[in-house]
Amino acid sequence: MTAIYSIFGRISETIEKLAAIHRLLPWILAFALLLPLPQILSALFNDYYIYLANKICIFILLSVGLNIVKGFCGQVTVGHVGLYAIGAVSSALISLHFGWSFWLAFPIGILAAGLAGIVVGLPSVRLEGAYLALATLGLGESVRIMIAVTPLFGSSTGLLSIPAPTIGSFTFDSYTNYYYLVLAAAMIGIYLSFSILRSATGRAFMAVREDTVAAAVHGVNVTKYKLLAFVISALYAGAAGGLFAHMPPGYIHHNNFTIIEMVTLLLMIVLGGIGHIWGGIIGAIIVTIIYDQTLEFYFYQPLLFGLTMVLIVIFMPRGIGGMIDRYLATKKFIASQEEKSNAAS
Amino acid sequence: MPLLETVDLSKSFGGLRAISNLNINIEAGSIHGLIGPNGSGKSTFFNLVTGVYQPDPGSKIIFNGHDITKSASHDIGALGIARTFQLLRLFSEMTVLQNLMVGYHTHVPYGFMSTIFNNSAVVKKDAETKSEMMELLELIGMADYADMPASELSGGQRRLVALGRAMAMRPKLLMLDEPAAGLSPVNVDNLLSIVMALKQRFGLTVLIVEHILKVVMETCDTVTVLDYGEKIGEGSPDAVKDDHAVIEAYLGQEMDDDEVRKAFNS
Amino acid sequence: MDFDFSSLFAFLLFGVTIGVVYGIVALGISLIYSGLDIVHFAHGEIYMFGAFFGLVFSHTMGFPYPVALLLAMVCAAVLGMGIERVFYRRLTKGGGGYTVAGMGMIICGFGMSIVLMNIAFLIWGAAAEPFPVDLGMPFQLGDITLPKSYALTAVVAVLLMAALHYFLKKTKLGLAVRAVAANKDIAYLMGINVPMMISLIFGLACGIAAAAGVLIGPMQSVQVEMGYLMLLKAFAAAVVGGFGSLPGAIAGGIVVGIAENLGAAYISPNHKDIYAFLLLILVLMIKPSGLFGIVARVKA
Amino acid sequence: MSIFNKNFIAAGMAGVFVAGMAASAMSADIRVGITMRMISENGQRYGQMVMDEIDMINESGGINGNMLKATLMNDECKSDKGVANAIKLINQQKVHILIGSTCSSVSLPIVDITEKAGVPQIIPHSTNDKITKKGSAWVFRVPVSGRYYAGVNAKYVGENIGKKIAYLCAADAASQNDCDAMQSQMKSQHGADPAYVAQVQEKEVDFRTHMQKIKSAGVDGIMIAALAETMARALTQSYEAGIPASVRRIGSSSASNSPVPSIAGDAAKGVFFAAAYAAADSRPIARLFNEMVKKRYGVNSPDHDFSQAYDLVRITEIALKNADLKLDDENLAADRTAIRDAIANVKDYNGLASGPISFCAAATPQCRDGNRTAVLIAYTKGGKDYKTEVLARVTMPIDFGL
């Protein structure tokens, strides 16, 4: 266990050192390191794991976005899959009906989700806690039902043959090729989440989470930041949706956006560490991998997931991210104390 | 011209009138005390001025020439009114430094968009803010605890952080809601000296609500006495001390002069 | 479609009869909320368990329907108390008393709902089970046929509400429950066994949910997945009636039932389930204290 | 156009059951991947049947001496899970042939995956037209396509019941497809517009508003297109609403699933529908099959999803026998192609399906919707021990409904 902790400690130290040289350096390095992942996976295992890597990148976008609104801004939303669905369906529809390229459809899908994010966020201005959860649950489920009953949105058959993105003659139609796209998107998403959350905006989010009155008195426009958090998370969800829709085989169906998906997302951020900057990322990776490894126990798998969620909330409310943080903080504290005693002696 | 002026300030909760027709002028550069028994409307007054509550129609609050009667809390904060809370309301999951940086929020020199498009400038400016906040922490003697979560501090330290967070707003008017409550006498003196130092350094106007009368008597230039939401006395501490109405409202009638003197000086 | 009053009356009647069931489930949700400040997201699964208990008692064991109803209520109550005792209590205590800001409790409720659903799946399988109960010939109201099971549901709903009202307002135990709901610390100081009262509240609410499950069994058959949609409708009912208000829950259920039936009849049948959500969201946005304004305290 | 030529086929299947040839000198595994919806009890049984039949092939010596190695996965009728399963089976298990899926909405995206990967896919249950219309050269459908069902149903309804039909359609892919096709067939065959149409949720529980409206519309028949449990509820509620038995209830193809009569009870009586297999079939092979299903899975009258799962294994067996397989890593792609071509060469397979199943090489619906014979069935008794009767058996023209 300590070994794992110290690895994380090492990693975070290295990242800090690299960032000191240039703030983009760790990102570029990480991107370069992750770029040949499909080839490595293909050589070590098989092509299925490339598909899984694609899935992880999309889930990272989703859970990082959810963590912003839920973990950092403290708004209890359970309608996130609705925004994901809106992003997916609008991007898919635009490229199917108007024949526009992915590069136009995808941003429009993100924008559509962002607009929907305002709608989902509006209740947050008046409501808190459980009421907000109910309102967002209703909105998310309404989106799914709208998709399920409207033939234009795919209805029962779903939207078929959504074209894969292309650049010139290069087509993102295999999972290896698509990986480059989703990896870039996920890296940009993570990078942006870091810059947002480590800036005044992120601090304002946390202040709103901790105490709305105190935040307002200290000059934080609570309404604005709540809505901003919802919109940012919606943009993330929209991006994830668009990428999911255009991922081969280019098919979306309303049962990809049910409450089960929402629970999986919740599990990701709860396990990774709710309100932890790495929480969504750690959660998305671990949950996707565990999910895949337990596929054979299909009758017990949801039970396992639900139980994990309950137990984590009860016994490990800060998730894995929080545990690592605590370890690092303790270590730092011990080091500083030792330093002090050394200086004294 | 007073820095803060309230005209016929009233607030009712249901049928209960918590504040009625209150006219208070707080002169720039002064330390103004607000005293009164429990439930006399002191905290309500704070909440009205900082926009946490909306005053009843007909009220008017003017700060530094701006009518802030209907302004939102965050706008009032941006105009230069900072306050602390009786129950502190620190951002307990955030570190001490982060608490202060939230206080600095209205002065943050970049917008949301630049966090996305010009991150390097943001990082630079955040570093500047950080060192500024560290200076402030030095002033209040909390620099060692900068990276500690606020929830892990002792009561006295938490009060200092709350003060620091309010000061980070670079206010013109600092409103302290029972800053000394629950502190030991040594800590009270420490806190008061810090407040005085801050006042000198930043040219503050200070409004103090306090139960420990000694604090008010020793530091304030002017004292306003509230009872049942109405002003029953105002003047210099010495004048107020001798005002019979005040003593009655505040301490009941059965006290003789010696006991009164004791109460005000302890 | 031509407008005729007979049809309108039928739609209203359908709305009321299904709405009462929403109302019964909402009753339990409201009870838990007003008593414990918990929004119980696994309540739909308790309702589903209740329905299965009823099925087991009435069909497998051969008890008469009313006895099966009571037994199912008791079993679900025990189940609910167990869940509260083992899981939720740690959380509510960890969160500083029984007022929980929401996040942990809501996530825990979601997890619990998945757990319960899959336990039921492992026990009873996914297939819908018929739950035929012979109550005799249906009522004939002019052009409209109303099976007796619907009438029975309405009667039981009123009885449950009345019994709950009597219990809370007229008995000593009920007074203790109300004291706990109002302020746990003070209730504790007054010598009330707070943990026990909390178990009682939870048990009552779960028993009521089970009653709804057993009642709806004959109309819609019993299925592992039946809880989720019912939960959403019951939430809508509870919110419309004023969250935390007991008479409001039943009234809210009826409003939701009527709204979705009229919506399906006159606006668009495709979007039937959305009407309940729309109502939920509208009420939350415009008047969070509920349509009837019965509730005094809105806890946000 | 006489499509009601009532060709009762009583061909035996002895040839099919002949055990494989003696084991060849070198034997390897033929890998079979299966993804099916296994969340319902019957869903699990269908999966189990495929596995059991494959085991029996292995017990009797395998295929040309090669053993079948099957991997069964659950897709829960969710397209993203089905896609993940298919990719996992194709890349990780390196299957030679993929069987799946139950739900049309899952089979649809898998068609693209198998086409790109070059893996033969054989579909056990999905009826949605679009699956074969996609033009993949790798997909084969064992069940009857939705387009044929609609034609048979519409013909019978228009001639024997009436033209004023109300439709209740659930929002799952198969039911929606059945419902839409039926409406367009009623229009084209009889010029009849629907008397009432409503789309309901996949798992709707309260149909009384619709039933009241249908009742006041005074229709000749009600088409209820939904998955089994939803349909059963709708049937029960149609009687509760007081719609008389003289108004015939028409089911979509999932009406053949046993939950319909067992949940709906008496309300199932008189419901008729088109399916691929009738348990009331009098052919010896059907009698044997019914016996076997009852013994193995405790199901009284197997629905057509059982027979389709069975036929699918038999067709796969025939194709694998005829294919020239190398079964080593280098020749995986060649083996897959060989299996595909062997399936395309299956002609006039006479199994449990009511008519012969034939495939051909072209990547068109004509070639890939191999089963064109629908049988019209009505329930004569509901409840757990339900009974059915065969009204008619129809083989549709190959181009029908395109």
# chains A, B, ... in the order shown; residues from 1 in each chain; ligands from 1

call {"tool": "closest_atom_pairs", "arguments": {"of": "chain A", "to": "chain D", "cutoff": "8 Å", "atoms": "only C-alpha atoms", "output": "JSON lines"}}
result
{"residue": "A:Phe45", "atom": "CA", "partner": "D:Gln92", "partner_atom": "CA", "distance": 7.9}
{"residue": "A:Asn46", "atom": "CA", "partner": "D:Gln92", "partner_atom": "CA", "distance": 6.0}
{"residue": "A:Asp47", "atom": "CA", "partner": "D:Asn91", "partner_atom": "CA", "distance": 5.6}
{"residue": "A:Tyr48", "atom": "CA", "partner": "D:Lys88", "partner_atom": "CA", "distance": 5.2}
{"residue": "A:Tyr51", "atom": "CA", "partner": "D:Ile87", "partner_atom": "CA", "distance": 7.8}
{"residue": "A:Ile145", "atom": "CA", "partner": "D:Gln201", "partner_atom": "CA", "distance": 8.0}
{"residue": "A:Ala148", "atom": "CA", "partner": "D:Ala171", "partner_atom": "CA", "distance": 6.5}
{"residue": "A:Val149", "atom": "CA", "partner": "D:Ala171", "partner_atom": "CA", "distance": 6.5}
{"residue": "A:Ser155", "atom": "CA", "partner": "D:Ala171", "partner_atom": "CA", "distance": 7.0}
{"residue": "A:Ser156", "atom": "CA", "partner": "D:Ala173", "partner_atom": "CA", "distance": 4.5}
{"residue": "A:Thr157", "atom": "CA", "partner": "D:Ala173", "partner_atom": "CA", "distance": 4.7}
{"residue": "A:Gly158", "atom": "CA", "partner": "D:Ser105", "partner_atom": "CA", "distance": 6.9}
{"residue": "A:Leu160", "atom": "CA", "partner": "D:Pro109", "partner_atom": "CA", "distance": 7.4}
{"residue": "A:Pro248", "atom": "CA", "partner": "D:Ile113", "partner_atom": "CA", "distance": 7.9}
{"residue": "A:Pro249", "atom": "CA", "partner": "D:Asp112", "partner_atom": "CA", "distance": 5.8}
{"residue": "A:Gly250", "atom": "CA", "partner": "D:Pro109", "partner_atom": "CA", "distance": 7.6}
{"residue": "A:Tyr251", "atom": "CA", "partner": "D:Pro109", "partner_atom": "CA", "distance": 6.0}
{"residue": "A:Ile252", "atom": "CA", "partner": "D:Ser79", "partner_atom": "CA", "distance": 7.6}
{"residue": "A:His253", "atom": "CA", "partner": "D:Ser79", "partner_atom": "CA", "distance": 6.9}
{"residue": "A:Asn255", "atom": "CA", "partner": "D:Lys78", "partner_atom": "CA", "distance": 6.1}
{"residue": "A:Asn256", "atom": "CA", "partner": "D:Asp80", "partner_atom": "CA", "distance": 6.5}
{"residue": "A:Glu296", "atom": "CA", "partner": "D:Met73", "partner_atom": "CA", "distance": 7.3}
{"residue": "A:Tyr298", "atom": "CA", "partner": "D:Asn74", "partner_atom": "CA", "distance": 6.9}

call {"tool": "residues_around", "arguments": {"residues": "stretch 303-315 of chain A", "least_positions_apart": "5", "cutoff": "8 Å", "atoms": "only C-alpha atoms", "output": "tab-separated table (two decimals) with all heavy atoms, in the first residue's frame"}}
result
chain	number	residue	atom	x	y	z
A	264	THR	N	-23.15	4.75	-12.79
A	264	THR	CA	-21.75	4.43	-13.09
A	264	THR	C	-20.89	5.68	-12.99
A	264	THR	O	-19.80	5.66	-12.42
A	264	THR	CB	-21.64	3.83	-14.50
A	264	THR	OG1	-22.68	2.87	-14.66
A	264	THR	CG2	-20.31	3.17	-14.71
A	267	LEU	N	-20.40	6.60	-9.46
A	267	LEU	CA	-19.42	5.72	-8.85
A	267	LEU	C	-18.01	6.19	-9.19
A	267	LEU	O	-17.12	6.19	-8.35
A	267	LEU	CB	-19.65	4.28	-9.33
A	267	LEU	CG	-18.66	3.26	-8.78
A	267	LEU	CD1	-18.81	3.15	-7.28
A	267	LEU	CD2	-18.87	1.90	-9.41
A	270	VAL	N	-17.16	9.25	-7.12
A	270	VAL	CA	-17.13	8.92	-5.70
A	270	VAL	C	-15.89	8.09	-5.38
A	270	VAL	O	-15.18	8.34	-4.41
A	270	VAL	CB	-18.40	8.14	-5.30
A	270	VAL	CG1	-18.26	7.56	-3.92
A	270	VAL	CG2	-19.60	9.06	-5.33
A	271	LEU	N	-15.61	7.14	-6.25
A	271	LEU	CA	-14.44	6.29	-6.03
A	271	LEU	C	-13.15	7.08	-6.21
A	271	LEU	O	-12.23	6.99	-5.40
A	271	LEU	CB	-14.47	5.11	-7.00
A	271	LEU	CG	-13.37	4.08	-6.84
A	271	LEU	CD1	-13.62	3.23	-5.63
A	271	LEU	CD2	-13.28	3.19	-8.08
C	87	PHE	N	-26.72	0.95	7.25
C	87	PHE	CA	-26.02	1.82	6.31
C	87	PHE	C	-26.25	3.31	6.59
C	87	PHE	O	-25.32	4.04	6.83
C	87	PHE	CB	-26.44	1.50	4.88
C	87	PHE	CG	-26.05	0.14	4.44
C	87	PHE	CD1	-26.99	-0.88	4.38
C	87	PHE	CD2	-24.74	-0.16	4.12
C	87	PHE	CE1	-26.63	-2.15	3.99
C	87	PHE	CE2	-24.37	-1.42	3.73
C	87	PHE	CZ	-25.32	-2.42	3.66
C	90	ARG	N	-24.84	5.34	9.83
C	90	ARG	CA	-23.44	5.77	9.87
C	90	ARG	C	-23.27	7.09	9.15
C	90	ARG	O	-22.53	7.97	9.57
C	90	ARG	CB	-22.57	4.74	9.16
C	90	ARG	CG	-22.48	3.45	9.88
C	90	ARG	CD	-21.75	2.45	8.98
C	90	ARG	NE	-21.99	1.10	9.42
C	90	ARG	CZ	-21.29	0.51	10.37
C	90	ARG	NH1	-20.32	1.15	10.95
C	90	ARG	NH2	-21.58	-0.72	10.72
C	91	LEU	N	-23.97	7.19	8.04
C	91	LEU	CA	-23.82	8.37	7.19
C	91	LEU	C	-24.45	9.59	7.85
C	91	LEU	O	-23.84	10.66	7.90
C	91	LEU	CB	-24.52	8.09	5.87
C	91	LEU	CG	-23.96	8.78	4.67
C	91	LEU	CD1	-22.50	8.44	4.50
C	91	LEU	CD2	-24.73	8.38	3.46
C	104	GLY	N	-23.76	12.93	0.05
C	104	GLY	CA	-23.45	11.56	0.46
C	104	GLY	C	-24.69	10.71	0.54
C	104	GLY	O	-24.73	9.58	0.05
C	107	ILE	N	-26.11	9.89	-2.97
C	107	ILE	CA	-25.31	8.88	-3.68
C	107	ILE	C	-25.52	7.52	-3.03
C	107	ILE	O	-25.70	6.50	-3.70
C	107	ILE	CB	-23.83	9.27	-3.66
C	107	ILE	CG1	-23.65	10.55	-4.47
C	107	ILE	CG2	-22.98	8.17	-4.25
C	107	ILE	CD1	-22.26	11.12	-4.39
C	108	CYS	N	-25.54	7.51	-1.70
C	108	CYS	CA	-25.75	6.25	-0.98
C	108	CYS	C	-27.11	5.66	-1.34
C	108	CYS	O	-27.24	4.45	-1.56
C	108	CYS	CB	-25.64	6.50	0.52
C	108	CYS	SG	-25.63	5.02	1.49
C	109	GLY	N	-28.12	6.53	-1.43
C	109	GLY	CA	-29.45	6.05	-1.80
C	109	GLY	C	-29.45	5.43	-3.19
C	109	GLY	O	-30.05	4.37	-3.41
C	110	PHE	N	-28.76	6.07	-4.11
C	110	PHE	CA	-28.68	5.53	-5.47
C	110	PHE	C	-28.02	4.15	-5.45
C	110	PHE	O	-28.50	3.20	-6.06
C	110	PHE	CB	-27.85	6.46	-6.36
C	110	PHE	CG	-28.68	7.38	-7.19
C	110	PHE	CD1	-28.77	8.71	-6.89
C	110	PHE	CD2	-29.40	6.89	-8.26
C	110	PHE	CE1	-29.54	9.56	-7.64
C	110	PHE	CE2	-30.18	7.72	-9.01
C	110	PHE	CZ	-30.25	9.07	-8.70
C	111	GLY	N	-26.91	4.07	-4.74
C	111	GLY	CA	-26.20	2.79	-4.66
C	111	GLY	C	-27.09	1.72	-4.05
C	111	GLY	O	-27.17	0.60	-4.56
C	112	MET	N	-27.79	2.10	-2.99
C	112	MET	CA	-28.66	1.15	-2.33
C	112	MET	C	-29.75	0.67	-3.27
C	112	MET	O	-30.14	-0.50	-3.26
C	112	MET	CB	-29.26	1.81	-1.08
C	112	MET	CG	-30.02	0.89	-0.18
C	112	MET	SD	-29.08	-0.54	0.32
C	112	MET	CE	-27.85	0.23	1.34
C	113	SER	N	-30.26	1.58	-4.08
C	113	SER	CA	-31.32	1.20	-5.00
C	113	SER	C	-30.82	0.15	-6.00
C	113	SER	O	-31.50	-0.83	-6.29
C	113	SER	CB	-31.86	2.45	-5.68
C	113	SER	OG	-31.83	2.36	-7.04
C	114	ILE	N	-29.59	0.34	-6.49
C	114	ILE	CA	-29.00	-0.65	-7.41
C	114	ILE	C	-28.83	-1.99	-6.68
C	114	ILE	O	-29.15	-3.07	-7.21
C	114	ILE	CB	-27.64	-0.16	-7.91
C	114	ILE	CG1	-27.78	1.16	-8.65
C	114	ILE	CG2	-26.98	-1.20	-8.78
C	114	ILE	CD1	-28.36	1.04	-10.00
C	115	VAL	N	-28.33	-1.91	-5.46
C	115	VAL	CA	-28.09	-3.14	-4.69
C	115	VAL	C	-29.40	-3.90	-4.50
C	115	VAL	O	-29.48	-5.11	-4.80
C	115	VAL	CB	-27.46	-2.80	-3.32
C	115	VAL	CG1	-27.45	-4.02	-2.43
C	115	VAL	CG2	-26.05	-2.27	-3.50
C	116	LEU	N	-30.42	-3.20	-4.04
C	116	LEU	CA	-31.69	-3.88	-3.76
C	116	LEU	C	-32.28	-4.48	-5.03
C	116	LEU	O	-32.80	-5.59	-5.03
C	116	LEU	CB	-32.68	-2.89	-3.14
C	116	LEU	CG	-32.38	-2.49	-1.70
C	116	LEU	CD1	-33.36	-1.44	-1.23
C	116	LEU	CD2	-32.46	-3.70	-0.79
C	118	ASN	N	-30.78	-5.54	-7.64
C	118	ASN	CA	-30.08	-6.74	-8.10
C	118	ASN	C	-30.24	-7.90	-7.15
C	118	ASN	O	-30.21	-9.06	-7.58
C	118	ASN	CB	-28.61	-6.42	-8.37
C	118	ASN	CG	-28.46	-5.69	-9.67
C	118	ASN	OD1	-28.56	-6.29	-10.72
C	118	ASN	ND2	-28.32	-4.38	-9.60
C	119	ILE	N	-30.43	-7.61	-5.86
C	119	ILE	CA	-30.74	-8.71	-4.96
C	119	ILE	C	-32.09	-9.31	-5.36
C	119	ILE	O	-32.23	-10.54	-5.46
C	119	ILE	CB	-30.77	-8.20	-3.50
C	119	ILE	CG1	-29.35	-7.85	-3.05
C	119	ILE	CG2	-31.36	-9.27	-2.58
C	119	ILE	CD1	-29.27	-7.26	-1.66

call {"tool": "interface_residues", "arguments": {"of": "chain C", "to": "chain D", "cutoff": "10 Å", "atoms": "only C-alpha atoms", "output": "ChimeraX atom specification"}}
result
/C:1-2,4,6-8,10-15,18,121,124-132,138,140,143-147,219-223,225-226,229,260-265,268-273

call {"tool": "closest_residue", "arguments": {"among": "D:Gly370, D:Thr132, D:His190, D:Met36", "to": "D:Asn350", "atoms": "only C-alpha atoms"}}
result
D:Gly370

call {"tool": "select_by_dssp", "arguments": {"residues": "stretch 143-262 of chain B", "states": "strand (DSSP E)", "output": "PyMOL selection string"}}
result
chain B and resi 173-177+205-209+222-227+230-235

call {"tool": "closest_atom_pairs", "arguments": {"of": "chain B", "to": "chain A", "cutoff": "6 Å", "atoms": "only C-alpha atoms", "output": "Markdown table"}}
result
| residue | atom | partner | partner_atom | distance |
| --- | --- | --- | --- | --- |
| B:Ser73 | CA | A:Val217 | CA | 5.1 |
| B:His74 | CA | A:Gly219 | CA | 3.8 |
| B:Gly77 | CA | A:Gly219 | CA | 4.8 |
| B:Ala78 | CA | A:Gly219 | CA | 5.6 |
| B:Phe91 | CA | A:Glu210 | CA | 5.3 |
| B:Gly103 | CA | A:His218 | CA | 5.3 |
| B:Thr106 | CA | A:Gly219 | CA | 5.6 |
| B:Thr115 | CA | A:Ile196 | CA | 5.9 |

call {"tool": "select_by_dssp", "arguments": {"residues": "stretch 88-234 of chain C", "states": "helix (DSSP H, G or I)", "output": "ChimeraX atom specification"}}
result
/C:88-94,103-124,148-170,172-182,184-189,194-220,226-234

call {"tool": "residues_around", "arguments": {"residues": "D:Phe272", "least_positions_apart": "4", "cutoff": "7 Å", "atoms": "only C-alpha atoms", "output": "tab-separated table (two decimals) with C-alpha atoms, in the first residue's frame"}}
result
chain	number	residue	atom	x	y	z
D	249	ARG	CA	-56.18	-8.27	-30.34
D	250	ILE	CA	-53.28	-8.50	-32.72
D	251	GLY	CA	-49.84	-9.04	-31.27
D	376	LEU	CA	-50.14	-17.12	-37.90
D	377	ILE	CA	-50.89	-18.31	-34.43
D	378	ALA	CA	-53.69	-17.62	-32.00
D	379	TYR	CA	-53.91	-18.38	-28.31

call {"tool": "residues_around", "arguments": {"residues": "stretch 295-308 of chain D", "least_positions_apart": "3", "cutoff": "8 Å", "atoms": "only C-alpha atoms", "output": "PyMOL selection string"}}
result
chain D and resi 45-46+49+124-125+142-143+256-258+275-279+290-292+311-312+352-353+385-387

call {"tool": "residues_around", "arguments": {"residues": "A:Ile286", "least_positions_apart": "3", "cutoff": "9 Å", "atoms": "only C-alpha atoms", "output": "list of chain:residue names"}}
result
A:Met268, A:Leu271, A:Gly272, A:Ile281, A:Ile282, A:Gly283, A:Ile289, A:Ile290, A:Tyr291

call {"tool": "closest_atom_pairs", "arguments": {"of": "stretch 136-231 of chain A", "to": "stretch 113-130 of chain A", "cutoff": "6 Å", "atoms": "only C-alpha atoms", "output": "tab-separated table"}}
result
residue	atom	partner	partner_atom	distance
A:Thr223	CA	A:Val125	CA	5.7
A:Leu227	CA	A:Gly121	CA	5.3
A:Phe230	CA	A:Gly121	CA	5.4
A:Val231	CA	A:Gly117	CA	4.8

call {"tool": "residues_around", "arguments": {"residues": "stretch 145-158 of chain D", "least_positions_apart": "3", "cutoff": "6 Å", "atoms": "only C-alpha atoms", "output": "list in words"}}
result
Thr127, Asn128, Asp129, Ile161, Gly162, Lys163, Asp178, Ala181, Met182, Gln185, Met186, Ala274 and Gly401 of chain D

call {"tool": "atom_distance", "arguments": {"atom1": "atom CA of D:Ile343", "atom2": "atom CA of D:Leu98"}}
result
12.4 Å

call {"tool": "atom_distance", "arguments": {"atom1": "atom CA of A:Gly79", "atom2": "atom CA of A:Thr258"}}
result
9.9 Å
